[in-house]
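Here's target-v8.txt, which has compact mmCIF, C-alpha atoms:
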```
# COMPACT_ATOMS: atom_id res chain seq x y z
CA MET A 790 31.36 -44.53 5.58
CA LYS A 791 33.47 -47.52 4.58
CA GLU A 792 35.02 -47.80 8.04
CA LEU A 793 31.56 -47.70 9.57
CA VAL A 794 30.25 -50.58 7.46
CA GLU A 795 33.45 -52.54 7.98
CA TYR A 796 33.21 -52.12 11.74
CA MET A 797 29.57 -53.20 11.93
CA VAL A 798 29.97 -56.17 9.62
CA GLN A 799 33.10 -57.41 11.36
CA ALA A 800 31.27 -57.31 14.67
CA LEU A 801 28.44 -59.41 13.26
CA VAL A 802 30.26 -62.20 11.48
CA ASP A 803 32.13 -65.26 12.70
CA GLU A 804 35.05 -64.67 10.37
CA PRO A 805 35.93 -60.99 10.56
CA LYS A 806 39.09 -61.59 8.58
CA MET A 807 37.04 -62.55 5.55
CA VAL A 808 35.20 -59.25 5.47
CA ALA A 809 36.04 -57.02 2.53
CA VAL A 810 34.37 -53.68 2.07
CA SER A 811 34.92 -51.43 -0.90
CA GLU A 812 33.60 -48.01 -1.59
CA ILE A 813 32.84 -46.51 -4.96
CA THR A 814 32.50 -42.78 -4.69
CA GLY A 815 30.48 -40.83 -7.19
CA GLY A 816 29.43 -37.21 -7.17
CA GLN A 817 26.25 -37.59 -5.16
CA THR A 818 26.05 -41.28 -4.50
CA THR A 819 28.43 -43.67 -2.79
CA VAL A 820 28.12 -47.38 -3.36
CA ILE A 821 29.45 -49.59 -0.60
CA GLU A 822 30.05 -53.22 -1.42
CA VAL A 823 30.35 -55.82 1.31
CA ARG A 824 31.81 -59.26 0.84
CA VAL A 825 31.82 -61.88 3.60
CA SER A 826 32.46 -65.59 3.83
CA LYS A 827 29.62 -67.79 2.67
CA GLN A 828 28.59 -68.92 6.15
CA ASP A 829 28.37 -65.34 7.31
CA LEU A 830 26.18 -64.12 4.48
CA GLY A 831 22.99 -64.82 6.41
CA LYS A 832 24.22 -62.87 9.41
CA VAL A 833 24.84 -59.78 7.32
CA ILE A 834 21.47 -59.98 5.56
CA GLY A 835 19.46 -61.10 8.59
CA LYS A 836 16.01 -62.58 8.91
CA GLN A 837 13.85 -61.12 6.14
CA GLY A 838 16.73 -58.79 5.31
CA ARG A 839 16.34 -57.10 8.66
CA MET A 840 20.05 -56.65 9.28
CA ALA A 841 20.71 -55.27 5.80
CA LYS A 842 17.82 -52.89 6.36
CA ALA A 843 19.14 -51.82 9.75
CA MET A 844 22.56 -51.05 8.28
CA ARG A 845 20.96 -49.08 5.48
CA VAL A 846 18.95 -47.04 7.97
CA ILE A 847 22.18 -46.18 9.77
CA LEU A 848 23.89 -45.25 6.51
CA ASP A 849 20.92 -43.04 5.66
CA ALA A 850 21.34 -41.18 8.95
CA VAL A 851 25.01 -40.55 8.18
CA SER A 852 24.28 -39.60 4.57
CA ALA A 853 21.67 -37.10 5.69
CA LYS A 854 24.32 -35.38 7.73
CA TYR A 855 26.59 -34.96 4.70
CA HIS A 856 23.75 -34.42 2.19
CA LYS A 857 24.74 -37.48 0.20
CA ARG A 858 23.30 -40.82 -0.71
CA ALA A 859 24.77 -44.19 0.13
CA ILE A 860 23.84 -47.55 -1.31
CA LEU A 861 24.76 -50.72 0.52
CA GLU A 862 25.30 -53.80 -1.60
CA ILE A 863 25.93 -57.21 -0.16
CA VAL A 864 27.84 -59.18 -2.80
CA GLU A 865 27.85 -62.93 -2.90
CA MET B 140 52.66 -48.08 -13.91
CA LYS B 141 50.77 -44.84 -13.86
CA ASP B 142 49.25 -43.57 -10.63
CA PHE B 143 45.80 -43.96 -11.98
CA MET B 144 43.98 -45.10 -15.07
CA GLU B 145 40.92 -43.74 -16.71
CA ILE B 146 38.71 -46.41 -18.14
CA GLU B 147 35.62 -46.18 -20.27
CA ALA B 148 33.08 -48.93 -20.79
CA LYS B 149 29.40 -49.43 -21.42
CA THR B 150 28.57 -49.70 -17.73
CA ILE B 151 30.34 -48.91 -14.49
CA ASP B 152 30.51 -52.57 -13.60
CA GLU B 153 32.26 -53.35 -16.87
CA ALA B 154 34.68 -50.50 -16.36
CA ILE B 155 35.54 -51.76 -12.89
CA GLU B 156 36.07 -55.26 -14.21
CA LYS B 157 38.37 -53.87 -16.86
CA ALA B 158 40.31 -51.95 -14.23
CA CYS B 159 40.78 -55.12 -12.17
CA ARG B 160 42.14 -56.91 -15.22
CA GLU B 161 44.48 -54.04 -16.11
CA TYR B 162 45.99 -53.94 -12.66
CA ALA B 163 45.63 -57.69 -12.13
CA LEU B 164 44.28 -56.95 -8.69
CA PRO B 165 40.98 -57.78 -6.98
CA ARG B 166 38.36 -55.08 -6.72
CA GLU B 167 39.07 -54.61 -3.00
CA LYS B 168 42.57 -53.35 -3.70
CA LEU B 169 41.52 -50.67 -6.11
CA ASN B 170 40.33 -47.22 -5.45
CA ILE B 171 37.56 -46.42 -7.90
CA GLU B 172 36.19 -43.01 -8.60
CA ILE B 173 33.25 -42.58 -10.91
CA ILE B 174 33.73 -39.79 -13.40
CA SER B 175 30.64 -40.35 -15.45
CA GLU B 176 27.92 -42.84 -14.74
CA GLY B 177 27.00 -43.27 -18.38
CA SER B 178 23.52 -43.76 -19.64
CA GLY B 179 21.81 -46.14 -21.93
CA GLY B 180 20.45 -43.39 -24.11
CA PHE B 181 17.57 -44.12 -26.39
CA LEU B 182 17.93 -47.31 -28.44
CA GLY B 183 21.65 -46.84 -28.30
CA ILE B 184 21.41 -43.33 -29.67
CA LEU B 185 22.76 -40.64 -27.42
CA SER B 186 24.21 -43.25 -25.10
CA LYS B 187 26.98 -42.04 -22.87
CA ARG B 188 29.78 -44.35 -21.87
CA ALA B 189 30.58 -44.87 -18.20
CA LYS B 190 33.96 -43.56 -17.17
CA ILE B 191 35.91 -44.33 -14.03
CA ARG B 192 39.29 -43.48 -12.63
CA ALA B 193 41.03 -46.40 -10.97
CA SER B 194 44.14 -46.47 -8.84
CA VAL B 195 45.76 -48.95 -6.52
CA LEU B 196 44.81 -48.39 -2.90
CA SER B 197 47.73 -46.71 -1.22
CA ILE B 198 47.35 -48.65 1.98
CA ASP B 199 47.47 -52.27 1.04
CA MET B 200 44.31 -53.73 2.41
CA ASP B 201 45.42 -57.25 3.01
CA ILE B 202 42.25 -59.01 4.01
CA SER B 203 44.16 -61.95 5.42
CA GLY B 204 46.14 -59.68 7.73
CA PRO B 205 45.38 -59.14 11.39
CA PHE B 206 42.13 -57.42 12.07
CA HIS B 207 43.45 -54.43 13.96
CA GLU B 208 45.72 -53.40 11.14
CA MET B 209 42.83 -52.34 8.98
CA PRO B 210 43.23 -48.75 7.95
CA ARG B 211 41.03 -46.45 9.92
CA SER B 212 40.21 -42.87 9.33
CA VAL B 213 38.94 -42.42 12.84
CA SER B 214 41.47 -41.06 15.24
CA LYS B 215 39.82 -42.43 18.34
CA ASP B 216 40.96 -45.99 18.41
CA ILE B 217 38.40 -48.22 20.00
CA PRO B 218 39.34 -51.87 20.00
CA VAL B 219 36.84 -54.24 18.50
CA GLU B 220 36.33 -57.15 20.83
CA THR B 221 33.98 -59.19 18.75
CA GLN B 222 36.25 -62.18 18.60
CA ASP B 223 36.56 -62.45 22.33
CA VAL B 224 32.92 -62.01 23.15
CA ASN B 225 31.85 -65.57 22.62
CA ASP B 226 34.15 -67.70 24.68
CA ILE B 227 35.76 -65.52 27.30
CA ASP B 228 33.44 -64.12 29.89
CA ILE B 229 34.10 -60.44 29.67
CA ASP B 230 31.85 -57.73 30.85
CA MET B 231 29.02 -57.62 28.35
CA ALA B 232 27.86 -54.16 29.31
CA GLU B 233 31.32 -52.71 28.80
CA THR B 234 31.73 -54.54 25.48
CA SER B 235 28.40 -53.31 24.20
CA ARG B 236 29.27 -49.78 25.23
CA LYS B 237 32.57 -49.95 23.37
CA MET B 238 30.83 -51.29 20.33
CA ILE B 239 28.16 -48.62 20.20
CA GLU B 240 30.79 -45.94 20.75
CA GLY B 241 32.79 -47.50 17.92
CA ILE B 242 29.81 -47.31 15.58
CA LEU B 243 28.92 -43.78 16.64
CA SER B 244 32.41 -42.42 16.17
CA ARG B 245 32.52 -43.92 12.68
CA MET B 246 29.16 -42.34 11.95
CA GLY B 247 30.68 -39.00 12.82
CA PHE B 248 28.82 -38.72 16.11
CA PRO B 249 31.40 -39.27 18.85
CA PHE B 250 28.93 -39.05 21.71
CA PRO B 251 29.59 -40.47 25.17
CA VAL B 252 27.57 -43.50 26.27
CA SER B 253 26.64 -44.41 29.85
CA ILE B 254 25.59 -47.81 31.17
CA LYS B 255 22.77 -48.83 33.44
CA GLU B 256 22.55 -52.54 34.06
CA SER B 257 19.84 -54.73 35.56
CA ASP B 258 19.28 -58.47 35.69
CA GLU B 259 17.30 -58.58 32.46
CA TYR B 260 18.83 -55.87 30.35
CA ILE B 261 21.63 -53.43 29.76
CA LEU B 262 20.54 -49.89 29.14
CA LEU B 263 22.94 -47.80 27.13
CA ASN B 264 22.23 -44.13 27.14
CA ILE B 265 23.78 -42.05 24.38
CA LYS B 266 24.31 -38.45 25.33
CA GLY B 267 23.20 -36.88 22.07
CA ASP B 268 23.52 -33.35 20.78
CA GLY B 269 19.77 -32.81 20.80
CA SER B 270 19.43 -32.95 17.05
CA GLY B 271 17.53 -36.21 17.07
CA ILE B 272 19.52 -37.47 14.11
CA LEU B 273 20.30 -40.67 16.02
CA ILE B 274 16.63 -41.29 16.69
CA GLY B 275 15.35 -41.04 13.14
CA LYS B 276 11.80 -41.19 11.92
CA GLY B 277 9.71 -43.08 14.48
CA GLY B 278 12.93 -44.10 16.23
CA GLN B 279 14.11 -46.19 13.30
CA THR B 280 17.77 -45.19 13.50
CA LEU B 281 17.93 -45.86 17.23
CA ASP B 282 16.16 -49.20 16.73
CA ALA B 283 18.54 -50.16 13.91
CA LEU B 284 21.56 -49.46 16.10
CA GLN B 285 19.98 -51.40 18.94
CA TYR B 286 19.28 -54.35 16.66
CA ILE B 287 22.86 -54.49 15.38
CA VAL B 288 24.40 -54.27 18.84
CA ASN B 289 22.07 -56.99 20.13
CA LYS B 290 22.88 -59.31 17.23
CA ALA B 291 26.61 -58.69 17.45
CA LEU B 292 26.75 -59.45 21.15
CA ASN B 293 24.23 -62.26 21.35
CA LYS B 294 25.29 -63.92 18.14
CA ASN B 295 26.28 -67.39 19.24
CA GLY B 296 23.78 -69.64 20.92
CA LYS B 297 21.84 -68.60 23.95
CA GLU B 298 20.45 -65.17 24.35
CA ARG B 299 22.33 -63.37 27.03
CA LYS B 300 21.05 -59.99 27.98
CA ARG B 301 18.93 -57.62 26.02
CA ILE B 302 20.57 -54.35 25.17
CA ILE B 303 18.39 -51.28 25.10
CA LEU B 304 19.63 -48.09 23.52
CA ASP B 305 18.32 -44.73 24.51
CA THR B 306 19.17 -41.15 23.78
CA GLU B 307 17.71 -37.83 24.82
CA ASN B 308 15.13 -39.69 26.90
CA TYR B 309 13.50 -40.90 23.68
CA ARG B 310 12.20 -44.24 24.96
CA GLU B 311 10.28 -42.61 27.78
CA LYS B 312 8.84 -39.91 25.54
CA ARG B 313 7.86 -42.50 22.98
CA GLU B 314 6.11 -44.58 25.61
CA LYS B 315 4.16 -41.56 26.83
CA SER B 316 3.05 -40.61 23.34
CA LEU B 317 2.05 -44.20 22.58
CA VAL B 318 -0.05 -44.40 25.74
CA THR B 319 -1.75 -41.14 24.79
CA LEU B 320 -2.38 -42.48 21.30
CA ALA B 321 -3.77 -45.74 22.68
CA ARG B 322 -6.20 -43.90 24.96
CA LYS B 323 -7.32 -41.60 22.15
CA LEU B 324 -7.96 -44.49 19.76
CA GLY B 325 -9.64 -46.42 22.57
CA GLU B 326 -12.09 -43.56 23.09
CA LYS B 327 -12.71 -43.45 19.36
CA ALA B 328 -13.47 -47.18 19.26
CA LYS B 329 -16.00 -46.77 22.06
CA ARG B 330 -17.59 -43.75 20.41
CA ILE B 331 -18.03 -45.24 16.95
CA LYS B 332 -18.64 -48.74 18.39
CA LYS B 333 -16.37 -50.21 15.74
CA PRO B 334 -12.85 -51.69 15.81
CA VAL B 335 -10.04 -49.19 15.30
CA THR B 336 -6.77 -50.21 13.66
CA VAL B 337 -3.45 -48.80 14.82
CA ASN B 338 -0.57 -48.38 12.33
CA PRO B 339 1.91 -51.27 12.11
CA MET B 340 4.44 -51.22 14.93
CA ASN B 341 7.28 -53.28 16.30
CA ALA B 342 6.78 -55.69 19.18
CA HIS B 343 7.98 -53.24 21.80
CA ASP B 344 5.59 -50.50 20.76
CA ARG B 345 2.67 -52.92 20.44
CA ARG B 346 3.30 -54.13 23.95
CA ILE B 347 3.00 -50.58 25.27
CA ILE B 348 -0.39 -50.18 23.54
CA HIS B 349 -1.66 -53.52 24.87
CA LEU B 350 -0.59 -52.62 28.40
CA ALA B 351 -2.07 -49.16 28.20
CA LEU B 352 -5.52 -50.56 27.44
CA GLN B 353 -5.49 -53.83 29.35
CA ASN B 354 -7.40 -52.42 32.32
CA ASP B 355 -10.12 -50.91 30.21
CA LYS B 356 -13.06 -53.29 30.55
CA GLU B 357 -14.85 -51.85 27.55
CA LEU B 358 -12.02 -52.60 25.12
CA VAL B 359 -10.13 -55.62 23.83
CA THR B 360 -6.83 -55.34 21.99
CA LYS B 361 -5.66 -57.84 19.39
CA SER B 362 -2.71 -58.10 17.03
CA LYS B 363 -3.08 -58.93 13.37
CA GLY B 364 -0.72 -59.35 10.43
CA GLU B 365 2.76 -60.77 10.07
CA GLY B 366 6.27 -59.48 10.64
CA ALA B 367 6.80 -55.79 10.08
CA PHE B 368 3.14 -55.38 9.17
CA ARG B 369 1.79 -56.66 12.47
CA LYS B 370 -0.62 -54.14 13.93
CA ILE B 371 -3.03 -53.74 16.79
CA ILE B 372 -6.77 -53.62 16.49
CA ILE B 373 -8.72 -52.05 19.32
CA VAL B 374 -12.15 -53.64 19.56
CA PRO B 375 -14.97 -52.27 21.73
CA ASN B 376 -16.70 -54.88 23.86
CA LYS B 377 -20.09 -56.01 22.60
CA LYS B 378 -21.87 -54.75 25.71
CA GLY B 379 -20.24 -51.35 25.55
```

Show me this structure written as structure tokens.
Amino acid sequence: MKELVEYMVQALVDEPKMVAVSEITGGQTTVIEVRVSKQDLGKVIGKQGRMAKAMRVILDAVSAKYHKRAILEIVE
Amino acid sequence: MKDFMEIEAKTIDEAIEKACREYALPREKLNIEIISEGSGGFLGILSKRAKIRASVLSIDMDISGPFHEMPRSVSKDIPVETQDVNDIDIDMAETSRKMIEGILSRMGFPFPVSIKESDEYILLNIKGDGSGILIGKGGQTLDALQYIVNKALNKNGKERKRIILDTENYREKREKSLVTLARKLGEKAKRIKKPVTVNPMNAHDRRIIHLALQNDKELVTKSKGEGAFRKIIIVPNKKG
């Protein structure tokens, strides 16, 4: 899950080296935290949060496969 | 230093902060496992404390290091070419294919992708397993993937080529069902002589509805609403 988010975010931003993704695994729920450089924040969130939403939809598809839940947090 | 540390605090966030201080490392370099999420209880009574187990990540994730040295759990190593995309003119279709395959393999769906290119767009067809998991409800998963690939490849400046994702012939089936829906609602509008509203849809789907009814002289189609809520209204002509 973490590699997936990392891959997508790095493809979207201008400074892929500044991308840091961490994963907090719980029993049922996994929280994935994304940090990017300040200029890239808008790219990861998207217009009206469309990009964040798109990434969450993709995570939901993967979670459904493993019967888990994933929460994507974009941290400033 | 012990291999791991068990830390209790009021909330998980606090526990993680504590762990970072204990190890004197940023959050990204710690592996955190939640043992108990804790709960506020009732007015502090019966409150459970959050408990986590923290350890230093075995593979040192140096964020300043070269990009390709990031640890990967996926065996299939697909190079990410995002940095090259903008200045060097490399084959966009091939790059987009690699990217979508990269995402799919990390999703746990290592499906092959084929390319069909025209002047206006690149069509990437994912050979799915027939489960429809990549399509999602109303095509939302497929659309999300398509959106990300488009943004990643057309990120700087001028729009290049549109990338269209398809799997299991979904786009064609969707178009057929939308045309059927449009005709059905069109008939209804004529019958009840009142405007009929179609559920909110994205631009692509709305276009299909408009086109399906454009030759019907007895009907007019309009769009109303903003953003994700934009929807079509099918209005019967006054004479009709």

Subject >> Residue list for chain A near chain B as a ChimeraX atom specification, 10 Å, only C-alpha atoms >> reply: /A:790-816,818-819,822-824,832-833,835,837,839-855

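CA of Pro251 in chain B to CA of Gly269 in chain B spans 13.2 Å [interatomic distance, one decimal].
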
**OP:** Give as number ranges by chain the set of residues within 8 Å of the point (-13.3, -51.5, 15.1), where distances use the file's coordinates and only C-alpha atoms.
**Re:** B: 328, 332-336, 372-375

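Here CA of Lys827 in chain A stands at a distance of 27.7 Å from CA of Ile302 in chain B.
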
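Across the structure, CA of Ala189 in chain B and CA of Asp152 in chain B are spaced 9.0 Å apart.
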
Subject >> Spatial neighbours of Arg236 in chain B, 9 Å, all atoms listed in the file, chain gap at least 3 places, as a ChimeraX atom specification >> reply: /B:231-233,239-241,252-254,263
